[in-house]
file start_10.cif (mmCIF, C-alpha atoms)
data_target
#
loop_
_atom_site.label_atom_id
_atom_site.label_comp_id
_atom_site.auth_asym_id
_atom_site.auth_seq_id
_atom_site.Cartn_x
_atom_site.Cartn_y
_atom_site.Cartn_z
CA MET A 9 27.72 -5.48 -1.23
CA ARG A 10 27.16 -7.18 2.11
CA THR A 11 25.37 -10.47 2.64
CA ILE A 12 23.38 -10.67 5.85
CA LEU A 13 21.81 -13.74 7.33
CA LEU A 14 18.88 -13.17 9.67
CA ALA A 15 18.66 -16.06 12.13
CA GLY A 16 15.53 -15.94 14.24
CA THR A 17 15.88 -18.00 17.40
CA LYS A 18 13.93 -18.95 20.48
CA LYS A 19 15.88 -16.23 22.30
CA GLY A 20 16.08 -13.28 19.97
CA LEU A 21 17.43 -12.42 16.55
CA PHE A 22 21.03 -12.88 15.41
CA LEU A 23 22.57 -11.28 12.31
CA LEU A 24 25.50 -12.87 10.53
CA GLU A 25 27.35 -10.60 8.15
CA SER A 26 29.68 -11.41 5.29
CA ASP A 27 30.60 -10.09 1.86
CA GLU A 28 29.64 -11.45 -1.53
CA GLY A 29 32.17 -14.26 -1.12
CA ARG A 30 30.21 -15.53 1.92
CA ARG A 31 33.29 -17.16 3.42
CA ASP A 32 33.87 -15.33 6.72
CA TRP A 33 30.97 -14.35 8.91
CA ALA A 34 30.65 -11.94 11.85
CA LEU A 35 27.95 -12.59 14.42
CA ARG A 36 25.83 -9.83 15.96
CA GLY A 37 23.15 -10.25 18.59
CA PRO A 38 20.98 -11.17 20.24
CA LEU A 39 18.63 -8.42 19.13
CA LEU A 40 14.99 -8.38 20.31
CA GLU A 41 16.10 -10.09 23.50
CA GLY A 42 13.56 -12.37 25.08
CA TRP A 43 11.36 -12.63 21.99
CA GLU A 44 10.90 -15.84 20.04
CA VAL A 45 11.65 -14.75 16.48
CA TYR A 46 9.63 -17.05 14.24
CA HIS A 47 10.68 -15.27 11.03
CA ALA A 48 12.69 -12.17 10.16
CA ILE A 49 13.23 -10.47 6.82
CA ARG A 50 14.82 -7.46 5.26
CA ASP A 51 12.42 -5.65 2.95
CA ALA A 52 14.57 -5.01 -0.11
CA ARG A 53 12.34 -2.11 -1.13
CA ASP A 54 13.40 0.17 1.72
CA GLY A 55 15.85 -1.78 3.87
CA THR A 56 13.49 -2.17 6.83
CA LEU A 57 13.99 -5.20 9.04
CA LEU A 58 10.80 -6.92 10.16
CA ALA A 59 10.37 -9.79 12.60
CA CYS A 60 7.53 -12.04 13.70
CA THR A 61 8.00 -11.89 17.47
CA ASN A 62 6.19 -14.03 20.00
CA SER A 63 6.29 -14.44 23.73
CA PRO A 64 4.47 -16.99 25.89
CA VAL A 65 3.84 -14.15 28.36
CA TYR A 66 3.43 -11.05 26.19
CA GLY A 67 1.81 -12.61 23.14
CA PRO A 68 2.33 -12.24 19.39
CA THR A 69 3.45 -9.11 17.57
CA VAL A 70 5.70 -7.70 14.86
CA HIS A 71 8.83 -5.61 15.35
CA ARG A 72 10.46 -3.44 12.69
CA SER A 73 13.69 -1.53 12.47
CA SER A 74 14.72 1.15 10.01
CA ASP A 75 18.30 1.38 11.30
CA GLU A 76 19.60 -2.15 10.67
CA GLY A 77 18.49 -3.46 14.05
CA GLU A 78 19.85 -0.73 16.32
CA THR A 79 16.35 0.28 17.44
CA TRP A 80 13.00 -1.41 17.02
CA GLU A 81 9.37 -0.35 16.93
CA ARG A 82 6.56 -2.72 17.84
CA THR A 83 3.34 -2.74 15.91
CA GLU A 84 0.49 -2.00 18.29
CA GLU A 85 -2.51 -2.51 16.05
CA LEU A 86 -2.58 -6.22 15.39
CA GLY A 87 -5.40 -8.54 16.32
CA LEU A 88 -8.55 -10.30 15.24
CA PRO A 89 -12.05 -8.83 15.40
CA GLU A 90 -14.08 -9.83 18.42
CA ASP A 91 -16.96 -11.17 16.35
CA SER A 92 -14.63 -13.73 14.77
CA GLY A 93 -14.41 -15.50 18.12
CA LEU A 94 -10.68 -15.89 17.49
CA THR A 95 -7.64 -14.47 19.22
CA LEU A 96 -4.28 -14.10 17.50
CA GLU A 97 -1.99 -16.81 18.87
CA ARG A 98 1.29 -16.42 16.99
CA THR A 99 2.86 -14.45 14.16
CA TRP A 100 4.60 -16.79 11.72
CA HIS A 101 5.66 -15.33 8.40
CA LEU A 102 6.28 -11.94 6.80
CA GLU A 103 6.20 -11.33 3.06
CA PRO A 104 6.89 -7.98 1.39
CA GLY A 105 4.45 -6.74 -1.22
CA ARG A 106 5.44 -6.33 -4.84
CA ALA A 107 8.05 -3.84 -5.96
CA ASP A 108 5.35 -1.40 -7.10
CA GLU A 109 3.40 -1.68 -3.83
CA PRO A 110 5.42 0.45 -1.40
CA GLY A 111 4.45 -0.01 2.22
CA ARG A 112 2.46 -3.18 1.58
CA LEU A 113 3.33 -6.22 3.67
CA TRP A 114 1.67 -9.54 4.33
CA LEU A 115 1.74 -11.40 7.62
CA GLY A 116 0.69 -14.98 8.32
CA GLY A 117 -0.27 -16.12 11.77
CA ALA A 118 -2.16 -18.61 13.88
CA PRO A 119 -4.98 -19.57 13.94
CA GLY A 120 -4.81 -19.72 10.12
CA VAL A 121 -4.96 -15.97 9.54
CA LEU A 122 -3.49 -13.50 7.07
CA PHE A 123 -2.97 -9.77 7.62
CA ARG A 124 -2.14 -6.93 5.24
CA SER A 125 -0.37 -3.71 6.07
CA ASP A 126 -0.27 -0.71 3.77
CA ASP A 127 1.86 1.44 6.04
CA GLY A 128 5.04 -0.55 6.33
CA GLY A 129 3.87 -2.67 9.24
CA ALA A 130 2.60 0.03 11.62
CA THR A 131 -0.96 -1.28 11.41
CA TRP A 132 -2.45 -4.51 10.09
CA SER A 133 -5.86 -5.61 8.85
CA PRO A 134 -6.96 -9.23 8.77
CA ASN A 135 -7.97 -10.72 5.44
CA GLU A 136 -11.69 -11.20 6.02
CA ALA A 137 -12.21 -13.82 3.32
CA LEU A 138 -9.66 -16.16 4.85
CA LEU A 139 -10.71 -15.33 8.41
CA ARG A 140 -14.31 -16.26 7.65
CA HIS A 141 -13.61 -18.94 5.06
CA PRO A 142 -16.61 -21.28 4.76
CA THR A 143 -14.37 -24.32 5.24
CA ARG A 144 -12.64 -23.03 8.41
CA ASP A 145 -14.45 -25.52 10.63
CA ARG A 146 -12.68 -28.28 8.67
CA TRP A 147 -9.21 -26.88 9.39
CA ASN A 148 -7.12 -28.42 12.14
CA PRO A 149 -3.96 -27.29 13.88
CA GLY A 150 -0.71 -29.13 13.32
CA ALA A 151 1.74 -29.70 16.15
CA GLY A 152 2.94 -26.10 15.83
CA GLY A 153 -0.55 -24.62 15.90
CA MET A 154 -2.77 -23.72 12.95
CA CYS A 155 -0.19 -21.56 11.31
CA CYS A 156 -0.36 -19.61 8.08
CA HIS A 157 3.31 -20.02 7.30
CA SER A 158 3.62 -19.52 3.55
CA ILE A 159 2.60 -16.46 1.54
CA GLN A 160 3.61 -16.24 -2.11
CA LEU A 161 2.72 -13.45 -4.51
CA ASP A 162 2.44 -13.85 -8.26
CA PRO A 163 4.63 -11.05 -9.60
CA ASP A 164 2.89 -11.05 -12.97
CA ARG A 165 -0.73 -11.26 -11.81
CA PRO A 166 -1.45 -8.66 -9.13
CA GLU A 167 -4.69 -10.38 -8.14
CA ARG A 168 -3.13 -13.80 -7.58
CA MET A 169 -1.43 -15.03 -4.44
CA HIS A 170 -1.00 -18.24 -2.52
CA VAL A 171 -1.08 -19.13 1.17
CA ALA A 172 -0.50 -22.41 2.95
CA ILE A 173 -1.84 -23.30 6.36
CA SER A 174 -1.04 -26.29 8.49
CA ALA A 175 -3.33 -28.21 8.43
CA ALA A 176 -5.78 -26.63 6.08
CA GLY A 177 -3.78 -26.88 2.88
CA HIS A 178 -2.92 -24.56 0.00
CA PHE A 179 -5.32 -21.77 -0.93
CA ARG A 180 -5.16 -19.43 -3.92
CA THR A 181 -6.83 -16.15 -4.60
CA ASP A 182 -7.31 -14.77 -8.10
CA ASP A 183 -9.16 -11.65 -6.99
CA GLY A 184 -6.69 -9.94 -4.69
CA GLY A 185 -7.81 -11.73 -1.54
CA GLU A 186 -11.56 -11.23 -1.88
CA SER A 187 -11.98 -15.01 -2.05
CA TRP A 188 -9.76 -18.06 -1.58
CA GLN A 189 -10.05 -21.46 -3.20
CA PRO A 190 -8.45 -24.60 -1.78
CA ALA A 191 -6.14 -26.06 -4.43
CA ASN A 192 -4.76 -29.37 -3.23
CA THR A 193 -5.61 -31.92 -5.89
CA GLY A 194 -3.05 -34.70 -5.80
CA THR A 195 -1.60 -33.89 -2.39
CA ALA A 196 -2.06 -36.51 0.28
CA ALA A 197 -3.34 -36.29 3.83
CA ASP A 198 -2.64 -39.84 4.99
CA PHE A 199 -3.82 -38.98 8.49
CA MET A 200 -7.38 -38.24 7.26
CA PRO A 201 -10.14 -40.78 6.59
CA ASP A 202 -10.05 -39.63 2.95
CA PRO A 203 -6.34 -39.51 2.11
CA TYR A 204 -6.93 -37.09 -0.81
CA PRO A 205 -9.42 -34.55 0.56
CA GLU A 206 -10.32 -31.19 -0.95
CA LEU A 207 -8.51 -29.52 1.95
CA GLY A 208 -7.00 -30.31 5.33
CA GLN A 209 -3.55 -31.19 4.01
CA CYS A 210 -0.64 -30.46 6.28
CA VAL A 211 1.55 -28.28 4.07
CA HIS A 212 4.83 -27.58 5.85
CA LYS A 213 6.27 -25.04 3.40
CA LEU A 214 5.20 -23.70 0.03
CA LEU A 215 7.30 -21.59 -2.33
CA ARG A 216 6.83 -20.17 -5.81
CA SER A 217 9.85 -20.33 -8.07
CA PRO A 218 11.38 -16.90 -8.64
CA ALA A 219 12.00 -18.05 -12.21
CA SER A 220 8.56 -19.32 -13.23
CA GLU A 221 5.03 -19.83 -11.93
CA ARG A 222 5.99 -23.30 -10.67
CA LEU A 223 5.00 -24.01 -7.07
CA TRP A 224 6.81 -26.39 -4.75
CA GLN A 225 5.71 -27.71 -1.42
CA GLN A 226 7.16 -29.84 1.34
CA ASN A 227 4.17 -31.48 2.91
CA HIS A 228 3.68 -33.73 5.93
CA CYS A 229 2.98 -36.40 3.32
CA GLY A 230 5.40 -35.85 0.48
CA VAL A 231 7.21 -33.33 -1.68
CA TYR A 232 5.16 -31.87 -4.54
CA ARG A 233 5.38 -29.61 -7.57
CA SER A 234 2.63 -27.80 -9.43
CA ASP A 235 2.98 -26.28 -12.88
CA ASP A 236 -0.59 -24.94 -13.05
CA ALA A 237 -0.69 -22.58 -10.05
CA GLY A 238 -1.79 -25.33 -7.69
CA ASP A 239 -4.70 -26.77 -9.65
CA SER A 240 -2.87 -30.10 -9.66
CA TRP A 241 0.18 -31.40 -7.84
CA ALA A 242 2.74 -34.10 -8.76
CA ARG A 243 4.37 -36.07 -5.96
CA LEU A 244 8.17 -36.05 -6.15
CA ASP A 245 9.49 -38.23 -3.36
CA GLY A 246 10.47 -41.89 -3.44
CA ASN A 247 13.19 -41.23 -6.01
CA GLY A 248 16.25 -40.53 -3.91
CA LEU A 249 14.76 -38.95 -0.81
CA PRO A 250 15.11 -41.03 2.37
CA SER A 251 11.74 -39.79 3.68
CA ASP A 252 8.66 -38.03 2.33
CA PHE A 253 8.47 -35.98 5.55
CA GLY A 254 10.30 -32.75 6.25
CA PHE A 255 9.67 -29.10 6.91
CA PRO A 256 11.82 -26.64 4.95
CA LEU A 257 12.25 -25.96 1.27
CA ALA A 258 14.56 -23.69 -0.74
CA LEU A 259 14.62 -22.89 -4.45
CA HIS A 260 17.15 -21.85 -7.04
CA PRO A 261 16.82 -18.13 -7.76
CA ARG A 262 16.92 -18.62 -11.53
CA ASP A 263 16.39 -22.29 -12.41
CA PRO A 264 12.85 -23.57 -11.75
CA ASP A 265 14.05 -27.19 -11.83
CA THR A 266 16.38 -26.90 -8.83
CA ALA A 267 15.17 -27.22 -5.24
CA PHE A 268 16.43 -28.32 -1.83
CA VAL A 269 14.75 -30.17 1.05
CA VAL A 270 15.89 -31.59 4.38
CA PRO A 271 13.99 -34.86 4.99
CA MET A 272 13.25 -36.05 8.50
CA GLY A 273 11.66 -39.14 9.97
CA GLY A 274 7.91 -38.67 9.82
CA GLY A 275 6.77 -40.75 12.76
CA ASP A 276 7.76 -40.25 16.35
CA ASP A 277 11.37 -39.95 15.22
CA ARG A 278 11.41 -36.44 13.81
CA LEU A 279 15.13 -36.15 13.24
CA THR A 280 17.14 -35.82 10.06
CA CYS A 281 17.42 -39.18 8.32
CA ASP A 282 20.18 -41.77 8.52
CA GLY A 283 21.90 -40.11 11.47
CA ARG A 284 23.23 -37.22 9.40
CA LEU A 285 22.29 -33.67 8.55
CA GLY A 286 21.17 -34.41 5.00
CA VAL A 287 20.28 -31.72 2.50
CA TYR A 288 18.90 -33.17 -0.73
CA ARG A 289 18.95 -31.39 -4.05
CA THR A 290 17.13 -31.92 -7.33
CA GLY A 291 18.17 -30.36 -10.61
CA ASP A 292 15.48 -31.96 -12.74
CA GLY A 293 12.26 -30.69 -11.26
CA GLY A 294 12.12 -33.32 -8.55
CA GLU A 295 12.45 -36.38 -10.78
CA THR A 296 15.60 -37.37 -8.87
CA TRP A 297 17.23 -36.19 -5.65
CA THR A 298 20.83 -36.48 -4.48
CA LEU A 299 22.50 -35.82 -1.17
CA ALA A 300 24.19 -32.40 -1.11
CA SER A 301 25.72 -32.37 2.36
CA ASP A 302 29.50 -32.25 1.90
CA GLY A 303 30.77 -30.54 5.03
CA LEU A 304 27.62 -30.92 7.10
CA PRO A 305 27.98 -32.92 10.32
CA ASP A 306 27.77 -36.69 10.10
CA PRO A 307 26.76 -38.23 12.41
CA ALA A 308 24.12 -35.70 13.39
CA TYR A 309 20.63 -35.90 14.83
CA ALA A 310 19.14 -32.57 13.88
CA VAL A 311 15.81 -30.82 13.49
CA VAL A 312 15.44 -28.21 10.77
CA LEU A 313 12.17 -26.27 11.00
CA ARG A 314 10.03 -24.91 8.17
CA GLU A 315 11.61 -21.45 7.98
CA CYS A 316 15.17 -22.69 8.46
CA LEU A 317 16.35 -23.15 4.85
CA ALA A 318 17.02 -20.20 2.56
CA SER A 319 18.79 -19.35 -0.68
CA ASP A 320 20.22 -16.09 -1.93
CA ALA A 321 20.21 -14.64 -5.45
CA LEU A 322 23.96 -14.38 -6.09
CA ASP A 323 25.76 -16.34 -8.81
CA PRO A 324 26.70 -18.94 -7.71
CA PHE A 325 23.81 -18.77 -5.27
CA GLY A 326 24.15 -19.61 -1.59
CA VAL A 327 22.06 -21.95 0.54
CA PHE A 328 21.78 -21.60 4.32
CA LEU A 329 20.17 -23.62 7.09
CA GLY A 330 19.66 -23.44 10.84
CA THR A 331 19.04 -26.21 13.34
CA GLN A 332 17.23 -26.63 16.61
CA SER A 333 20.67 -27.45 18.02
CA GLY A 334 21.66 -23.81 17.50
CA SER A 335 23.88 -24.13 14.44
CA VAL A 336 23.80 -22.16 11.22
CA PHE A 337 25.41 -23.69 8.13
CA GLY A 338 26.03 -22.14 4.75
CA SER A 339 27.02 -23.09 1.24
CA ALA A 340 28.36 -20.45 -1.14
CA ASP A 341 28.44 -22.91 -4.06
CA GLU A 342 24.82 -23.93 -4.52
CA GLY A 343 24.85 -26.68 -1.91
CA THR A 344 27.96 -28.48 -3.11
CA THR A 345 30.03 -27.77 0.03
CA TRP A 346 28.98 -26.49 3.43
CA THR A 347 30.64 -24.81 6.40
CA ASP A 348 29.34 -23.92 9.81
CA LEU A 349 28.78 -20.19 10.24
CA ALA A 350 27.70 -20.16 13.89
CA ARG A 351 27.13 -22.69 16.60
CA GLN A 352 25.75 -22.81 20.15
CA LEU A 353 23.03 -20.28 19.35
CA PRO A 354 19.60 -20.76 20.88
CA PRO A 355 17.33 -23.09 18.88
CA VAL A 356 17.04 -21.62 15.39
CA LEU A 357 13.47 -20.95 14.25
CA SER A 358 14.14 -19.19 10.95
CA VAL A 359 16.85 -18.28 8.47
CA GLU A 360 16.62 -15.65 5.76
CA VAL A 361 19.38 -14.13 3.68
CA ALA A 362 19.54 -10.63 2.25
CA ALA A 363 21.90 -8.58 0.12
CA TRP A 364 22.62 -5.17 1.66
CA SER A 365 24.24 -2.47 -0.38
CA MET B 23 -0.01 8.98 40.95
CA VAL B 24 1.05 5.37 41.05
CA VAL B 25 4.38 3.93 39.95
CA VAL B 26 4.25 0.91 37.64
CA LEU B 27 7.35 -1.30 37.70
CA LEU B 28 8.04 -3.10 34.42
CA PRO B 29 10.00 -6.36 34.05
CA GLY B 30 12.90 -6.50 31.59
CA MET B 31 11.20 -7.28 28.29
CA LEU B 32 8.45 -4.74 28.88
CA ALA B 33 10.96 -2.12 29.99
CA ALA B 34 12.82 -2.63 26.72
CA GLU B 35 9.54 -2.14 24.85
CA ALA B 36 8.93 1.06 26.81
CA GLY B 37 12.17 2.63 25.66
CA GLY B 38 14.19 1.30 28.58
CA ARG B 39 11.93 2.73 31.29
CA LYS B 40 11.60 0.37 34.24
CA ARG B 41 9.34 2.72 36.23
CA ILE B 42 6.45 4.67 34.76
CA GLU B 43 4.24 7.01 36.77
CA VAL B 44 0.61 7.19 35.76
CA ASP B 45 -2.45 8.93 37.07
CA ALA B 46 -5.34 6.46 37.22
CA ALA B 47 -8.38 5.58 39.30
CA THR B 48 -8.21 1.79 38.91
CA VAL B 49 -5.54 -0.82 38.39
CA GLU B 50 -6.81 -1.50 34.90
CA ASP B 51 -6.80 2.18 34.00
CA ALA B 52 -3.18 2.37 35.12
CA LEU B 53 -2.17 -0.59 33.00
CA ARG B 54 -4.04 0.67 29.95
CA ALA B 55 -2.19 3.96 30.21
CA LEU B 56 1.14 2.22 29.70
CA PRO B 57 2.93 2.25 26.34
CA VAL B 58 3.04 -1.56 26.57
CA ALA B 59 -0.67 -2.05 27.24
CA ASP B 60 -1.01 -4.10 24.06
CA ARG B 61 1.44 -6.64 25.52
CA LEU B 62 -0.53 -6.92 28.78
CA PHE B 63 -3.97 -7.27 27.22
CA ASP B 64 -4.98 -9.22 24.11
CA GLU B 65 -6.96 -7.64 21.29
CA HIS B 66 -10.23 -8.36 23.09
CA GLY B 67 -9.15 -6.66 26.29
CA ALA B 68 -8.34 -9.74 28.37
CA LEU B 69 -5.25 -9.68 30.57
CA ARG B 70 -2.78 -12.18 29.12
CA PRO B 71 -2.84 -15.26 31.34
CA LEU B 72 0.84 -15.27 32.33
CA VAL B 73 0.91 -11.62 33.42
CA ASN B 74 0.62 -11.21 37.19
CA VAL B 75 -0.22 -7.87 38.78
CA TYR B 76 0.70 -6.89 42.33
CA VAL B 77 -0.51 -3.70 44.00
CA ASP B 78 1.64 -2.68 46.93
CA GLY B 79 2.80 -6.27 47.16
CA VAL B 80 -0.64 -7.89 47.02
CA ASP B 81 -1.80 -9.98 44.06
CA VAL B 82 -4.58 -8.01 42.40
CA ARG B 83 -6.74 -11.14 42.48
CA GLU B 84 -6.61 -10.96 46.27
CA ARG B 85 -7.72 -7.32 46.18
CA ASP B 86 -10.64 -6.09 44.15
CA GLY B 87 -9.41 -7.34 40.78
CA LEU B 88 -8.25 -5.21 37.89
CA GLY B 89 -11.30 -2.98 38.12
CA GLY B 90 -10.75 -2.21 41.76
CA PRO B 91 -9.83 1.30 42.89
CA LEU B 92 -6.21 2.12 43.41
CA GLY B 93 -7.01 4.23 46.44
CA GLY B 94 -3.74 5.39 47.91
CA ALA B 95 -1.67 2.59 46.42
CA ALA B 96 1.88 3.60 45.62
CA GLU B 97 3.17 0.82 43.40
CA ILE B 98 1.99 -1.66 40.77
CA ARG B 99 4.46 -4.40 40.00
CA LEU B 100 4.08 -6.54 36.86
CA VAL B 101 5.50 -10.02 37.12
CA ALA B 102 5.76 -12.57 34.32
CA ALA B 103 4.50 -15.88 35.67
CA ILE B 104 7.11 -18.58 35.93
CA ALA B 105 5.62 -21.40 33.94
CA GLY B 106 6.93 -24.90 33.37
CA GLY B 107 8.61 -27.51 35.46
CA ALA B 108 6.90 -30.01 37.69
CA PRO B 109 6.12 -29.92 41.39
CA ARG B 110 8.70 -31.55 43.60
CA PRO B 111 7.57 -34.86 45.09
#

call {"tool": "encode", "arguments": {"input": "start_10.cif", "output": "structure tokens"}}
result
Amino acid sequence: MRTILLAGTKKGLFLLESDEGRRDWALRGPLLEGWEVYHAIRDARDGTLLACTNSPVYGPTVHRSSDEGETWERTEELGLPEDSGLTLERTWHLEPGRADEPGRLWLGGAPGVLFRSDDGGATWSPNEALLRHPTRDRWNPGAGGMCCHSIQLDPDRPERMHVAISAAGHFRTDDGGESWQPANTGTAADFMPDPYPELGQCVHKLLRSPASERLWQQNHCGVYRSDDAGDSWARLDGNGLPSDFGFPLALHPRDPDTAFVVPMGGGDDRLTCDGRLGVYRTGDGGETWTLASDGLPDPAYAVVLRECLASDALDPFGVFLGTQSGSVFGSADEGTTWTDLARQLPPVLSVEVAAWS
Amino acid sequence: MVVVLLPGMLAAEAGGRKRIEVDAATVEDALRALPVADRLFDEHGALRPLVNVYVDGVDVRERDGLGGPLGGAAEIRLVAAIAGGAPRP
């Protein structure tokens, strides 16, 4: 079994390959030269690689490879209907469909849009209910644009899924995407006149635990957990975290109480806190957080973006992160100790990890 | 026939072809015949703002625009605009 890290960067995609021990890594790339790779995944159902690729000149698209990155095809049917008045600005996040939905993929993009493909990413259709959501005129772009960056499927309820948009908040569908309800009760938007609005929250990353229906989110204004599919949220910072602000989030593959965040200063100083690259871990559902950065650089003044923290499913599981300074770090022991896997890459925009047989 | 010259990223998207010959009446027709047309135009048909088009060395905006006839033109060159930086004082 091989372990492959997919590091999307501002200048193409890099693959780092190791074995199950995840000790020694071989670097390959750049692939997709010239493209800004906002997110890249390996679809475990068929081994296809898929990447959200963007260019300031040639626009947003998706590339896919069925031969482990040797050759790539670009999707050509991707865009928004003219009567929406919107133009696709960026592709942000790819999410495979469920195991029993071959060929189905989900794609999040800006401005706050979701696409579905039923042919493995050759063609895409926008989700009309989200595109024409009655609250859309109350959504606002964050600094990175109005990105739909998080897509989470409920494996047990085929009609339920979650998306998060910055800065529109968390939305849930219980009818397979025919309608979407904002579900943000208890999450703050300190930058709004009403700090607890129905929607408009700046969610930075939202994940569903692989082990339960628990949701986690790193928000512009806090870290949160929901145990009722997003109907209500409990704030989890202020108990060991040096800041409520941050972008990425990673979860334990089997324990719903364990999560990782990388706090940053939330004002003009958007760097990792206390002059170090600090990963913080909770093992009690967010009640307490402790620094889990043994081996990470200190001092360090780093930026870790929303897609730049990932965990694998091995036992013990691995945790991996990428920085805007072009480094990729990994822990093969659940965040206890870290080593650098690559350095001097272009700015890292995303990190995903996959097991390849 | 007119030859369209593709810059590096577009050539990679066109299977490594840096020169593609097309038969077209207008500049726009020639560009839409390319296998990378979706990277030149957005989903509503507008030329992406940082794509520059030169016909026999002349910026298409100084000719008859994208819809203008190619006539006997021999070459269309696509150039990615160089954006960023500040003017020198």

call {"tool": "resolve_selection", "arguments": {"input": "start_10.cif", "expression": "the PyMOL selection byres ((chain B) within 6 of (chain A))", "output": "list in words"}}
result
Arg61, Glu65 and Leu72 of chain B

call {"tool": "write_last_selection", "arguments": {"input": "start_10.cif", "atoms": "C-alpha atoms", "output": "compact mmCIF listing (two decimals), in the coordinates of the input"}}
result
# COMPACT_ATOMS: atom_id res chain seq x y z
CA ARG B 61 1.44 -6.64 25.52
CA GLU B 65 -6.96 -7.64 21.29
CA LEU B 72 0.84 -15.27 32.33

call {"tool": "residues_around", "arguments": {"input": "start_10.cif", "residues": "Val24 in chain B", "least_positions_apart": "4", "cutoff": "7 Å", "atoms": "all atoms listed in the file", "output": "ChimeraX atom specification"}}
result
/B:43-45,95-97

call {"tool": "write_last_selection", "arguments": {"input": "start_10.cif", "atoms": "C-alpha atoms", "output": "compact mmCIF listing (two decimals), keeping the file's coordinate frame"}}
result
# COMPACT_ATOMS: atom_id res chain seq x y z
CA GLU B 43 4.24 7.01 36.77
CA VAL B 44 0.61 7.19 35.76
CA ASP B 45 -2.45 8.93 37.07
CA ALA B 95 -1.67 2.59 46.42
CA ALA B 96 1.88 3.60 45.62
CA GLU B 97 3.17 0.82 43.40

call {"tool": "residues_around", "arguments": {"input": "start_10.cif", "residues": "Gly55 in chain A", "least_positions_apart": "5", "cutoff": "8 Å", "atoms": "only C-alpha atoms", "output": "ChimeraX atom specification"}}
result
/A:50,74,76,364

call {"tool": "write_last_selection", "arguments": {"input": "start_10.cif", "atoms": "C-alpha atoms", "output": "PDB file, keeping the file's coordinate frame"}}
result
ATOM      1  CA  ARG A  50      14.820  -7.460   5.260  1.00  0.00           C
ATOM      2  CA  SER A  74      14.720   1.150  10.010  1.00  0.00           C
ATOM      3  CA  GLU A  76      19.600  -2.150  10.670  1.00  0.00           C
ATOM      4  CA  TRP A 364      22.620  -5.170   1.660  1.00  0.00           C
TER       5      TRP A 364
END

call {"tool": "closest_residue", "arguments": {"input": "start_10.cif", "among": "B:Leu27, B:Val82, B:Ile42, B:Ala34", "to": "Leu69 in chain B", "atoms": "all atoms listed in the file"}}
result
B:Val82

call {"tool": "resolve_selection", "arguments": {"input": "start_10.cif", "expression": "the PyMOL selection byres ((chain A and resi 292-296) around 10)", "output": "list of chain:residue names"}}
result
A:Arg222, A:Trp224, A:Val231, A:Tyr232, A:Arg233, A:Ala242, A:Arg243, A:Leu244, A:Asp245, A:Gly246, A:Asn247, A:Gly248, A:Leu249, A:Asp263, A:Pro264, A:Asp265, A:Thr266, A:Ala267, A:Phe268, A:Tyr288, A:Arg289, A:Thr290, A:Gly291, A:Trp297, A:Thr298

call {"tool": "resolve_selection", "arguments": {"input": "start_10.cif", "expression": "the PyMOL selection byres ((chain B and resi 62) around 12)", "output": "ChimeraX atom specification"}}
result
/A:63-68,84 /B:28-29,31-32,35,50,52-61,63-75,100-102
